[in-house]
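Note sheet for the following structure.
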Amino acid sequence: FLNARLIEEEIKSYLQDNPTKTFDLQRANAFPSGLHAFYETNLLRMFPKGTNKKIRNKGTEFMALICAAREPLFESAVKKMIGEESFESVKGKLSLLFPSGSDGRINITHKSLVDYLVGNNEVRKETGVEDSTESCDQSLDEPACLISSDVMKAAHMKICQHCFEVVGIVGGRDSKVDTGSNNSSEDIGDNDGNASNMARLTLDDKKERMITYAWKYVILHACSGGDETQIQAIRIGC
């Protein structure tokens with residue numbers, strides 16, 4: 001089913017890029033077989049060789065946040081963590097593999113995508129490729145973007161810090177929050193202060209979900225990130 005959907009999206013993408021042409025069904029024979037081959041093909045299409053290094057790294061940072069999260073994150077939260085400009089520059093490119101749901105949360109097309117992006121670190125180590133934050137500076141034979149363990153740790157630290165801000169834990173790398181969990185909507189990544197009653201209910205629901213997420217997983221993210229400042233803040237705040 002997933003393969004069929006990816007092929008459908010590939011055909012749509014081809015027709016969008018070539019509006020004056022018709023799709024030749026014989027091209028289907030050239031489609032990659034297997035999910036990992038599809039992931040590699042799509043990542044190379046989204047971030048072809050020669051893509052600006054900054055955009056590549058922002059794409060990797062985006063993917064790392066989604067892969068590190070234990071539940072789908074709201075778009076607004078990810079936007080807050082990586083910056084609106086960076087979010088807008090990569091979200092559209094990655095929407096096929098990381099689609100957004102009707103609830104505004106970013107999903108993963110299939111759990112095997114995480115295995116492909118993160119699990120490939122083991123392959124990199126076995127083949128002698130250095131594991132570093134420059135995970136998108138690939139050789140000609142490597143996929144467009146693989147998420148290194150350093151980038152994953154950084155993603156856990158970003159999510160941990162966001163959890164701190166949501167529930168009001170003092171400390172962490174940025175120490176932005178002073179007290180309590182009476183955070184404004186901006187603290188969870190939403191800033192629609194003039195929302196209608198219906199929109200306000202949705203906003204409150206997002207806030208409640210993010211607070212629940214924070215208390216469930218803040219310790220996990222702190223330990224996975226390995227930042228001693230955050231871990232110490234956990235000891236004091238929890």
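Chain labels run A, B, ... following the order of the structure tokens; each chain numbers its residues from 1, and ligands are numbered from 1 in the order shown.
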
Practice problem: Would you list the contacts of Met157 of chain A as a PyMOL selection string, taking every protein, DNA or RNA residue within 9 Å and counting only C-alpha atoms, but skipping same-chain residues closer than 3 positions in sequence? | Solution: chain A and resi 152-154+160-162+173+221-227+230

Residue subset to file, keeping N, CA and C atoms, as an mmCIF file, in the first residue's frame:
```cif
data_model
loop_
_atom_site.group_PDB
_atom_site.id
_atom_site.type_symbol
_atom_site.label_atom_id
_atom_site.label_comp_id
_atom_site.auth_asym_id
_atom_site.auth_seq_id
_atom_site.Cartn_x
_atom_site.Cartn_y
_atom_site.Cartn_z
ATOM 1 N N MET A 152 21.110 13.629 16.080
ATOM 2 C CA MET A 152 20.003 13.092 16.873
ATOM 3 C C MET A 152 20.083 13.583 18.312
ATOM 4 N N LYS A 153 21.283 13.616 18.878
ATOM 5 C CA LYS A 153 21.443 14.133 20.240
ATOM 6 C C LYS A 153 21.008 15.590 20.318
ATOM 7 N N ALA A 154 21.402 16.364 19.311
ATOM 8 C CA ALA A 154 21.011 17.774 19.276
ATOM 9 C C ALA A 154 19.500 17.914 19.183
ATOM 10 N N CYS A 160 13.878 18.562 24.431
ATOM 11 C CA CYS A 160 13.938 18.654 25.886
ATOM 12 C C CYS A 160 13.770 20.096 26.337
ATOM 13 N N GLN A 161 14.495 21.012 25.687
ATOM 14 C CA GLN A 161 14.402 22.419 26.051
ATOM 15 C C GLN A 161 12.996 22.953 25.818
ATOM 16 N N HIS A 162 12.374 22.511 24.732
ATOM 17 C CA HIS A 162 10.999 22.930 24.451
ATOM 18 C C HIS A 162 10.056 22.406 25.534
ATOM 19 N N ARG A 173 19.561 24.559 28.670
ATOM 20 C CA ARG A 173 20.607 25.229 27.912
ATOM 21 C C ARG A 173 20.316 26.710 27.711
ATOM 22 N N HIS A 221 14.160 12.570 26.737
ATOM 23 C CA HIS A 221 14.886 13.460 25.824
ATOM 24 C C HIS A 221 16.148 14.013 26.481
ATOM 25 N N ALA A 222 16.055 14.303 27.785
ATOM 26 C CA ALA A 222 17.240 14.808 28.485
ATOM 27 C C ALA A 222 18.350 13.762 28.495
ATOM 28 N N CYS A 223 17.989 12.532 28.793
ATOM 29 C CA CYS A 223 18.993 11.456 28.843
ATOM 30 C C CYS A 223 19.528 11.139 27.448
ATOM 31 N N SER A 224 18.640 11.150 26.442
ATOM 32 C CA SER A 224 19.079 10.851 25.071
ATOM 33 C C SER A 224 19.971 11.954 24.528
ATOM 34 N N GLY A 225 19.709 13.195 24.945
ATOM 35 C CA GLY A 225 20.556 14.299 24.503
ATOM 36 C C GLY A 225 21.895 14.316 25.206
ATOM 37 N N GLY A 226 21.920 13.855 26.447
ATOM 38 C CA GLY A 226 23.169 13.744 27.185
ATOM 39 C C GLY A 226 23.762 15.057 27.647
ATOM 40 N N ASP A 227 22.964 16.133 27.670
ATOM 41 C CA ASP A 227 23.480 17.420 28.121
ATOM 42 C C ASP A 227 23.368 17.504 29.645
ATOM 43 N N GLN A 230 20.911 20.087 31.203
ATOM 44 C CA GLN A 230 19.504 19.683 31.144
ATOM 45 C C GLN A 230 19.207 18.574 32.147
#
```

Exercise. Extract, using only C-alpha atoms, all DNA, RNA and protein residues at most 7 Å from segment 54-59 of chain A, discarding same-chain residues fewer than 3 positions from it, and format them as a list in words.
Key: Phe47, Thr51, Phe62, Met63, Ser86, Val90 and Cys136 of chain A

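Remark: for Leu35 of chain A, the closest of the candidate residues A:Asn18, A:Ser95, A:Thr109, A:Gln232 is A:Thr109 (distances computed over only C-alpha atoms).
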
Self-check item: Contacts of segment 69-73 of chain A within 6 Å, only C-alpha atoms, excl. fewer than 4 positions in-chain, as a PyMOL selection string
Solution: chain A and resi 105-107

Using all heavy atoms, can you export the residues from the last selection as a CSV table (one decimal), in the first residue's frame?
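Below you can see part_4.csv, which holds the result:
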```csv
chain,number,residue,atom,x,y,z
A,105,ARG,N,-0.3,18.1,13.3
A,105,ARG,CA,0.9,17.4,13.7
A,105,ARG,C,1.6,16.7,12.5
A,105,ARG,O,1.0,16.3,11.6
A,105,ARG,CB,0.6,16.4,14.8
A,105,ARG,CG,0.0,17.0,16.1
A,105,ARG,CD,0.1,16.1,17.3
A,105,ARG,NE,-0.9,15.0,17.2
A,105,ARG,CZ,-1.0,14.1,18.2
A,105,ARG,NH1,-0.3,14.2,19.3
A,105,ARG,NH2,-1.9,13.2,18.1
A,106,ILE,N,2.9,16.6,12.6
A,106,ILE,CA,3.8,16.1,11.6
A,106,ILE,C,3.9,14.6,11.8
A,106,ILE,O,4.5,14.2,12.8
A,106,ILE,CB,5.1,16.8,11.5
A,106,ILE,CG1,4.9,18.3,11.3
A,106,ILE,CG2,5.9,16.2,10.3
A,106,ILE,CD1,6.2,19.1,11.3
A,107,ASN,N,3.6,13.8,10.8
A,107,ASN,CA,3.6,12.4,10.9
A,107,ASN,C,4.8,11.8,10.1
A,107,ASN,O,5.4,12.5,9.3
A,107,ASN,CB,2.3,11.7,10.4
A,107,ASN,CG,1.1,12.2,11.2
A,107,ASN,OD1,1.0,11.9,12.4
A,107,ASN,ND2,0.2,12.9,10.6
```
